[in-house]
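To be precise, the following lines are final-v5.txt, and they hold compact mmCIF, C-alpha atoms.
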# COMPACT_ATOMS: atom_id res chain seq x y z
CA MET Q 1 117.76 142.55 122.80
CA ALA Q 2 114.53 140.81 123.55
CA LEU Q 3 114.68 137.06 123.68
CA ILE Q 4 112.42 136.74 120.66
CA ASN Q 5 114.78 138.90 118.61
CA LYS Q 6 117.72 136.80 119.68
CA LEU Q 7 115.93 133.66 118.64
CA SER Q 8 115.00 135.22 115.33
CA ALA Q 9 118.65 136.09 114.77
CA ILE Q 10 119.64 132.51 115.47
CA GLY Q 11 116.93 131.27 113.11
CA ASN Q 12 118.13 133.64 110.38
CA ALA Q 13 121.71 132.51 110.81
CA ILE Q 14 120.63 128.88 110.48
CA ARG Q 15 118.54 129.62 107.40
CA GLU Q 16 121.46 131.50 105.86
CA LYS Q 17 123.62 128.39 106.19
CA THR Q 18 121.06 125.83 105.14
CA GLY Q 19 119.46 127.83 102.38
CA LYS Q 20 116.04 126.94 103.71
CA THR Q 21 113.38 129.57 104.11
CA ASP Q 22 110.85 127.83 106.36
CA LEU Q 23 110.14 129.13 109.79
CA LEU Q 24 112.03 127.17 112.44
CA THR Q 25 110.68 126.05 115.76
CA LEU Q 26 112.94 125.90 118.76
CA ASP Q 27 112.79 122.11 118.63
CA GLN Q 28 114.04 122.08 115.06
CA MET Q 29 117.03 124.34 115.67
CA PRO Q 30 119.42 121.80 117.27
CA GLN Q 31 118.91 119.34 114.42
CA GLU Q 32 119.41 122.01 111.77
CA ILE Q 33 122.61 123.14 113.47
CA LYS Q 34 123.83 119.57 113.59
CA GLY Q 35 123.16 119.29 109.87
CA ILE Q 36 125.34 122.33 109.23
CA GLU Q 37 128.20 120.81 111.31
CA THR Q 38 128.20 117.47 109.55
CA GLY Q 39 127.22 118.65 106.14
CA SER Q 40 124.16 117.74 104.10
CA SER Q 41 123.78 114.55 102.11
CA ASP Q 42 125.49 116.31 99.21
CA ASN Q 43 128.32 117.13 101.61
CA TYR Q 44 131.70 118.68 101.05
CA TYR Q 45 133.38 115.27 100.63
CA ASP Q 46 131.09 114.28 97.77
CA THR Q 47 131.18 117.77 96.29
CA PHE Q 48 134.96 117.74 96.18
CA TRP Q 49 135.36 114.27 94.73
CA ASN Q 50 132.54 114.72 92.23
CA ALA Q 51 134.39 117.76 90.96
CA PHE Q 52 137.75 115.93 91.05
CA PHE Q 53 136.33 113.08 89.00
CA GLU Q 54 134.35 115.49 86.80
CA ASN Q 55 131.14 113.75 87.77
CA GLY Q 56 132.43 110.45 86.47
CA GLU Q 57 133.58 111.88 83.14
CA ARG Q 58 137.29 112.24 83.91
CA THR Q 59 139.51 110.05 81.71
CA ASP Q 60 142.96 111.56 82.16
CA PHE Q 61 144.50 110.92 85.56
CA SER Q 62 148.06 111.95 84.73
CA TYR Q 63 149.64 113.41 87.88
CA ALA Q 64 146.25 113.00 89.62
CA PHE Q 65 147.76 111.84 92.92
CA TYR Q 66 151.24 113.23 92.43
CA GLY Q 67 153.08 114.31 95.55
CA SER Q 68 153.56 113.48 99.17
CA HIS Q 69 150.48 115.37 100.32
CA TRP Q 70 148.41 112.49 98.95
CA ASN Q 71 148.23 110.07 101.84
CA ASP Q 72 145.98 107.37 103.29
CA GLU Q 73 143.88 109.97 105.06
CA ILE Q 74 142.75 111.80 101.98
CA TYR Q 75 143.14 109.30 99.14
CA PRO Q 76 139.67 108.23 97.85
CA PHE Q 77 139.79 104.51 98.56
CA ASP Q 78 136.02 104.29 98.13
CA ARG Q 79 135.90 105.33 94.48
CA THR Q 80 136.84 103.33 91.40
CA ILE Q 81 139.35 105.26 89.32
CA LYS Q 82 139.43 104.48 85.63
CA PRO Q 83 142.10 106.21 83.56
CA ILE Q 84 141.66 105.89 79.83
CA ASN Q 85 143.86 108.35 77.99
CA GLY Q 86 146.28 109.32 80.74
CA ALA Q 87 147.88 107.84 83.84
CA ASN Q 88 151.40 109.20 83.57
CA LEU Q 89 153.05 109.64 87.01
CA MET Q 90 149.60 109.08 88.46
CA PHE Q 91 150.90 108.13 91.92
CA ALA Q 92 154.41 109.51 91.71
CA TYR Q 93 155.80 110.39 95.15
CA ALA Q 94 152.43 109.76 96.80
CA ASN Q 95 152.34 108.65 100.45
CA VAL Q 96 149.55 106.18 99.89
CA SER Q 97 150.13 102.63 101.16
CA LYS Q 98 147.57 100.42 99.43
CA VAL Q 99 145.80 100.89 96.10
CA TYR Q 100 143.11 98.49 95.03
CA ASN Q 101 140.67 100.79 93.30
CA VAL Q 102 142.33 101.62 89.98
CA ASP Q 103 140.98 100.05 86.80
CA LEU Q 104 143.52 100.36 83.98
CA SER Q 105 141.76 97.95 81.63
CA GLU Q 106 140.89 100.72 79.18
CA CYS Q 107 144.06 102.74 79.65
CA THR Q 108 146.08 103.18 76.50
CA ILE Q 109 148.95 105.20 77.90
CA GLY Q 110 151.64 104.34 80.43
CA PHE Q 111 151.21 104.46 84.18
CA SER Q 112 153.66 105.10 87.01
CA CYS Q 113 153.92 105.12 90.76
CA GLN Q 114 157.48 106.38 90.74
CA GLY Q 115 158.94 107.17 94.13
CA SER Q 116 155.72 106.46 96.01
CA THR Q 117 155.37 104.65 99.33
CA ILE Q 118 152.86 102.20 97.92
CA LYS Q 119 153.17 98.85 99.62
CA GLU Q 120 150.38 96.94 97.91
CA PHE Q 121 148.77 97.35 94.53
CA GLY Q 122 145.80 95.50 93.07
CA LEU Q 123 145.25 94.30 89.54
CA ILE Q 124 147.01 96.30 86.80
CA ASP Q 125 145.46 95.44 83.45
CA CYS Q 126 147.80 96.70 80.74
CA SER Q 127 146.19 94.76 77.93
CA LYS Q 128 145.35 97.93 76.00
CA MET Q 129 148.41 99.88 76.97
CA ALA Q 130 150.95 101.05 74.42
CA SER Q 131 154.18 102.25 75.95
CA SER Q 132 157.70 102.61 74.64
CA SER Q 133 159.18 102.95 78.11
CA PHE Q 134 156.85 101.39 80.65
CA ALA Q 135 157.97 101.90 84.22
CA PRO Q 136 155.18 101.23 86.71
CA PHE Q 137 157.19 101.18 89.95
CA PRO Q 138 160.54 102.94 89.71
CA THR Q 139 162.09 103.56 93.11
CA CYS Q 140 159.09 102.13 94.96
CA ARG Q 141 161.13 101.01 97.92
CA GLN Q 142 158.13 100.00 100.04
CA LEU Q 143 156.43 97.89 97.40
CA GLU Q 144 155.83 94.33 98.58
CA TYR Q 145 152.78 93.06 96.77
CA VAL Q 146 151.32 93.47 93.29
CA GLU Q 147 148.24 91.34 92.80
CA LYS Q 148 148.73 90.86 89.08
CA ILE Q 149 149.92 92.72 86.01
CA ILE Q 150 148.37 91.72 82.69
CA PHE Q 151 150.89 92.62 80.01
CA ASN Q 152 150.58 92.85 76.25
CA ARG Q 153 153.43 92.06 73.92
CA ASN Q 154 153.65 95.58 72.52
CA ILE Q 155 154.78 97.14 75.77
CA LYS Q 156 158.46 98.10 75.91
CA PHE Q 157 159.83 98.29 79.43
CA ALA Q 158 162.14 100.87 80.86
CA ARG Q 159 165.19 99.56 82.66
CA THR Q 160 163.79 101.32 85.72
CA ALA Q 161 160.44 99.49 85.60
CA PHE Q 162 160.94 97.97 89.06
CA SER Q 163 164.07 99.78 90.16
CA ASN Q 164 164.88 99.59 93.88
CA CYS Q 165 161.84 97.39 94.54
CA ASP Q 166 163.94 95.32 96.88
CA LYS Q 167 161.00 94.38 99.10
CA LEU Q 168 158.82 93.13 96.28
CA THR Q 169 157.77 89.60 97.11
CA HIS Q 170 154.54 88.83 95.28
CA PHE Q 171 154.12 89.89 91.67
CA ILE Q 172 152.08 87.74 89.32
CA ALA Q 173 152.59 88.33 85.61
CA ASP Q 174 149.88 87.45 83.14
CA GLY Q 175 149.29 88.11 79.45
CA GLU Q 176 152.35 88.45 77.22
CA ILE Q 177 155.79 89.91 77.84
CA GLY Q 178 157.39 90.64 74.49
CA SER Q 179 160.42 92.81 75.14
CA ASN Q 180 163.42 93.22 77.46
CA PHE Q 181 162.18 92.77 81.01
CA TYR Q 182 164.00 94.09 84.04
CA ILE Q 183 163.26 92.90 87.53
CA GLN Q 184 166.82 92.79 88.73
CA TYR Q 185 166.29 94.72 91.94
CA SER Q 186 163.93 92.22 93.58
CA PRO Q 187 165.65 89.36 95.41
CA LEU Q 188 162.58 88.20 97.37
CA LEU Q 189 160.24 87.14 94.59
CA THR Q 190 158.20 84.07 95.41
CA THR Q 191 158.48 80.91 93.35
CA GLU Q 192 154.96 81.50 92.13
CA SER Q 193 155.86 85.00 90.99
CA VAL Q 194 158.98 83.88 89.12
CA SER Q 195 157.09 81.06 87.43
CA SER Q 196 154.38 83.43 86.29
CA ILE Q 197 156.93 85.80 84.78
CA ILE Q 198 158.62 82.97 82.90
CA SER Q 199 155.27 81.72 81.62
CA ALA Q 200 154.36 85.17 80.34
CA LEU Q 201 157.45 85.44 78.13
CA ILE Q 202 156.32 85.01 74.55
CA ASP Q 203 158.02 82.65 72.15
CA LEU Q 204 160.61 84.60 70.14
CA THR Q 205 161.98 81.65 68.21
CA GLY Q 206 162.91 82.84 64.74
CA VAL Q 207 162.74 86.53 65.60
CA THR Q 208 165.02 88.90 67.47
CA GLY Q 209 165.59 87.63 70.98
CA GLN Q 210 165.08 89.67 74.11
CA THR Q 211 166.65 89.64 77.57
CA ILE Q 212 165.16 89.10 80.97
CA GLN Q 213 167.16 90.12 84.00
CA PHE Q 214 166.38 88.71 87.42
CA HIS Q 215 168.17 89.51 90.65
CA ALA Q 216 171.22 87.28 91.12
CA ASN Q 217 169.55 85.54 94.09
CA VAL Q 218 166.48 84.71 92.03
CA LYS Q 219 168.57 83.54 89.09
CA ALA Q 220 170.61 81.25 91.32
CA LYS Q 221 167.44 79.45 92.41
CA LEU Q 222 166.08 78.81 88.92
CA THR Q 223 165.88 75.17 87.98
CA GLU Q 224 167.37 73.77 84.79
CA THR Q 225 163.85 73.33 83.50
CA GLN Q 226 163.04 76.98 84.11
CA ILE Q 227 166.26 78.11 82.44
CA ALA Q 228 165.52 75.90 79.45
CA SER Q 229 161.98 77.25 79.33
CA ILE Q 230 163.37 80.77 79.09
CA THR Q 231 166.18 80.21 76.61
CA SER Q 232 164.28 77.82 74.35
CA LYS Q 233 161.89 80.69 73.64
CA ASN Q 234 164.91 82.74 72.54
CA TRP Q 235 165.07 84.82 75.69
CA THR Q 236 168.49 85.47 77.16
CA LEU Q 237 168.61 85.12 80.92
CA ALA Q 238 170.93 87.60 82.56
CA MET R 1 155.65 64.55 70.05
CA GLU R 2 157.95 67.46 69.39
CA ILE R 3 161.62 67.05 70.22
CA LYS R 4 163.84 70.10 70.46
CA ARG R 5 167.57 69.80 70.77
CA TYR R 6 169.83 72.74 71.13
CA GLU R 7 173.00 73.63 72.83
CA GLN R 8 172.62 75.85 75.88
CA VAL R 9 175.27 78.52 75.64
CA VAL R 10 176.33 79.98 78.93
CA LEU R 11 178.63 82.98 79.17
CA ILE R 12 180.78 83.06 82.28
CA PRO R 13 183.19 85.97 82.65
CA ASP R 14 186.73 85.56 83.93
CA GLU R 15 187.15 85.95 87.65
CA GLY R 16 186.71 89.52 88.78
CA LYS R 17 184.93 90.51 85.56
CA TYR R 18 181.36 90.93 84.41
CA LEU R 19 179.34 90.69 81.24
CA TYR R 20 177.76 93.75 79.65
CA ASN R 21 175.20 94.11 76.88
CA GLU R 22 174.97 97.71 75.76
CA THR R 23 171.79 97.21 73.73
CA ALA R 24 169.88 95.63 76.56
CA GLN R 25 171.64 97.82 79.17
CA VAL R 26 172.35 94.82 81.33
CA ILE R 27 175.35 93.92 83.48
CA SER R 28 175.46 90.34 84.65
CA ASP R 29 177.68 87.80 86.35
CA LYS R 30 176.43 84.91 84.21
CA VAL R 31 174.34 84.82 81.08
CA PHE R 32 172.30 81.99 79.59
CA LEU R 33 171.88 82.84 75.93
CA GLY R 34 168.58 82.49 74.13
CA ILE R 35 168.46 79.80 71.49
CA ASN R 36 169.19 82.22 68.63
CA ALA R 37 170.98 84.91 70.61
CA ASN R 38 174.31 86.34 69.53
CA GLU R 39 177.08 85.97 72.09
CA ASN R 40 178.93 88.86 70.49
CA GLU R 41 176.41 91.24 72.01
CA TRP R 42 178.03 90.57 75.37
CA ILE R 43 181.45 91.90 76.32
CA GLU R 44 183.58 91.35 79.37
CA ILE R 45 184.13 94.36 81.56
CA THR R 46 186.22 95.03 84.62
CA GLU R 47 184.98 96.07 88.03
CA GLU R 48 186.01 99.61 87.28
CA GLN R 49 184.11 99.65 84.01
CA LYS R 50 181.11 98.11 85.75
CA GLN R 51 181.03 100.89 88.30
CA GLU R 52 181.30 103.51 85.61
CA ILE R 53 178.49 101.99 83.57
CA GLU R 54 176.32 101.53 86.64
CA LYS R 55 176.87 105.15 87.55
CA GLN R 56 175.63 106.18 84.12
CA LEU R 57 172.70 103.81 84.20
CA ASN R 58 171.75 104.80 87.74
CA GLU R 59 171.52 108.44 86.78
CA GLU R 60 168.17 107.43 85.31
CA LEU R 61 167.04 106.34 88.74
CA GLU R 62 167.55 109.69 90.39
CA VAL R 63 164.26 111.15 91.44
CA GLU R 64 163.16 114.42 89.92
Any chance you could put this one into structure tokens?
Amino acid sequence: MALINKLSAIGNAIREKTGKTDLLTLDQMPQEIKGIETGSSDNYYDTFWNAFFENGERTDFSYAFYGSHWNDEIYPFDRTIKPINGANLMFAYANVSKVYNVDLSECTIGFSCQGSTIKEFGLIDCSKMASSSFAPFPTCRQLEYVEKIIFNRNIKFARTAFSNCDKLTHFIADGEIGSNFYIQYSPLLTTESVSSIISALIDLTGVTGQTIQFHANVKAKLTETQIASITSKNWTLA
Amino acid sequence: MEIKRYEQVVLIPDEGKYLYNETAQVISDKVFLGINANENEWIEITEEQKQEIEKQLNEELEVE
């Protein structure tokens, strides 16, 4: 095959991949090939995630990152994820370690990271959430840090809300906690975390009381003032 | 200035026993009752009963 034919074949192969139709000079060929290797500006990464997020229109993220194949290598840390009408089991069993890019401020339905390896989680704004069995971190054995959870008084917690979170140290509660609250598996909570949880308990004087259960170690360290703060609002401390 | 006076009721089970509230699904070694809470919601249970109840409650924790 004459050299010119070989070069034409190479040029055709490049044009087939790039979709361009212009004639190529020899000088242009290396750069065009490099572009094929690394992808164009609208590359495969963006194409995939744009489709995954439905070009920014996706509102239901139930099961979105479910399963151990989701890990730190492939999880989209660089995109803000905003569930609105679905976040059920969103991170269940995922092998992701840190999540700081989820905005739940508009989410009206419960959210869960059940069984995941998440170690750190950013702000969880539950102010619009309505749940009859809210369990954000059941069996999250690696969980150490939750930046803040903003509760609303209408949320009912599952007994498994923080089950087996025995490494959880920092967890700031904000907003209003209005029903039985279970954090009995976490012996390492900081003083600041415990104080924030107590402060978030709403006043139930004159209405049906609720129960808050801390780990025995945490309960043993509560001051008389803290205990009085809890029980005077008609919360039973167990 | 508001002054509140109330009696803090503390439930302490007999040695070797625990306190259980079926409604709240809570087992505890010591309970500080809320100001209007009903102590009758808490019963004393043995170690054996505790293990049985925990087994039932922990079935919820089993992963799918």
The distance between atom CA of Tyr20 of chain R and atom CA of Asn38 of chain R is 13.0 Å
Can you check which residues of chain R have any atom within 9 Å of chain Q? Use all atoms listed in the file and format it as a PyMOL selection string. chain R and resi 4+6+8+24-38+57-58+60-63
Would you output that residue set with C-alpha atoms, as a compact mmCIF listing (two decimals), keeping the file's coordinate frame?
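This is the output file out.txt:
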# COMPACT_ATOMS: atom_id res chain seq x y z
CA LYS R 4 163.84 70.10 70.46
CA TYR R 6 169.83 72.74 71.13
CA GLN R 8 172.62 75.85 75.88
CA ALA R 24 169.88 95.63 76.56
CA GLN R 25 171.64 97.82 79.17
CA VAL R 26 172.35 94.82 81.33
CA ILE R 27 175.35 93.92 83.48
CA SER R 28 175.46 90.34 84.65
CA ASP R 29 177.68 87.80 86.35
CA LYS R 30 176.43 84.91 84.21
CA VAL R 31 174.34 84.82 81.08
CA PHE R 32 172.30 81.99 79.59
CA LEU R 33 171.88 82.84 75.93
CA GLY R 34 168.58 82.49 74.13
CA ILE R 35 168.46 79.80 71.49
CA ASN R 36 169.19 82.22 68.63
CA ALA R 37 170.98 84.91 70.61
CA ASN R 38 174.31 86.34 69.53
CA LEU R 57 172.70 103.81 84.20
CA ASN R 58 171.75 104.80 87.74
CA GLU R 60 168.17 107.43 85.31
CA LEU R 61 167.04 106.34 88.74
CA GLU R 62 167.55 109.69 90.39
CA VAL R 63 164.26 111.15 91.44
Could you pull out every residue with an atom within 12 Å of (148.0, 114.6, 98.6), file coordinates, counting all atoms listed in the file, and send them as a ChimeraX atom specification? /Q:63-76,90-96,116
Size and centre in Å, one decimal, axis-aligned box, all listed segment 75-82 of chain Q atoms plus 3 Å per side, as AutoDock Vina command-line options:
--center_x 139.5 --center_y 106.3 --center_z 92.4 --size_x 13.2 --size_y 12.0 --size_z 19.5
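Taking atom CA of Gln142 of chain Q and atom CA of Thr117 of chain Q as endpoints, the distance between them is 5.5 Å.
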Contact residues around Asp174 of chain Q with all atoms listed in the file at 12 Å, ignoring same-chain residues under 5 positions, as a PDB file with C-alpha atoms, in the frame of the given file:
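Written output follows (out-v1.pdb):
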ATOM      1  CA  LEU Q 123     145.250  94.300  89.540  1.00  0.00           C
ATOM      2  CA  ILE Q 124     147.010  96.300  86.800  1.00  0.00           C
ATOM      3  CA  ASP Q 125     145.460  95.440  83.450  1.00  0.00           C
ATOM      4  CA  CYS Q 126     147.800  96.700  80.740  1.00  0.00           C
ATOM      5  CA  SER Q 127     146.190  94.760  77.930  1.00  0.00           C
ATOM      6  CA  VAL Q 146     151.320  93.470  93.290  1.00  0.00           C
ATOM      7  CA  GLU Q 147     148.240  91.340  92.800  1.00  0.00           C
ATOM      8  CA  LYS Q 148     148.730  90.860  89.080  1.00  0.00           C
ATOM      9  CA  ILE Q 149     149.920  92.720  86.010  1.00  0.00           C
ATOM     10  CA  ILE Q 150     148.370  91.720  82.690  1.00  0.00           C
ATOM     11  CA  PHE Q 151     150.890  92.620  80.010  1.00  0.00           C
ATOM     12  CA  ASN Q 152     150.580  92.850  76.250  1.00  0.00           C
ATOM     13  CA  ARG Q 153     153.430  92.060  73.920  1.00  0.00           C
ATOM     14  CA  GLU Q 192     154.960  81.500  92.130  1.00  0.00           C
ATOM     15  CA  SER Q 193     155.860  85.000  90.990  1.00  0.00           C
ATOM     16  CA  VAL Q 194     158.980  83.880  89.120  1.00  0.00           C
ATOM     17  CA  SER Q 195     157.090  81.060  87.430  1.00  0.00           C
ATOM     18  CA  SER Q 196     154.380  83.430  86.290  1.00  0.00           C
ATOM     19  CA  ILE Q 197     156.930  85.800  84.780  1.00  0.00           C
ATOM     20  CA  ILE Q 198     158.620  82.970  82.900  1.00  0.00           C
ATOM     21  CA  SER Q 199     155.270  81.720  81.620  1.00  0.00           C
ATOM     22  CA  ALA Q 200     154.360  85.170  80.340  1.00  0.00           C
ATOM     23  CA  LEU Q 201     157.450  85.440  78.130  1.00  0.00           C
ATOM     24  CA  ILE Q 202     156.320  85.010  74.550  1.00  0.00           C
TER      25      ILE Q 202
END
Exercise for the section: Please work out which residues fall within 8 Å of (153.3, 99.2, 76.0), coordinates as given in the file, with all atoms listed in the file counting, and return them as a list in words. Expected result: Ile109, Gly110, Cys126, Met129, Ala130, Ser131, Ser132, Ser133, Phe134, Asn152, Arg153, Asn154, Ile155, Lys156 and Phe157 of chain Q
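Between Glu22 of chain R and the candidates R:Glu48, R:Glu59, R:Glu7, R:Glu54, the tightest atom-to-atom separation, counting only C-alpha atoms, involves R:Glu54.
Going from atom CA of Glu224 of chain Q to atom CA of Val9 of chain R covers 13.0 Å.
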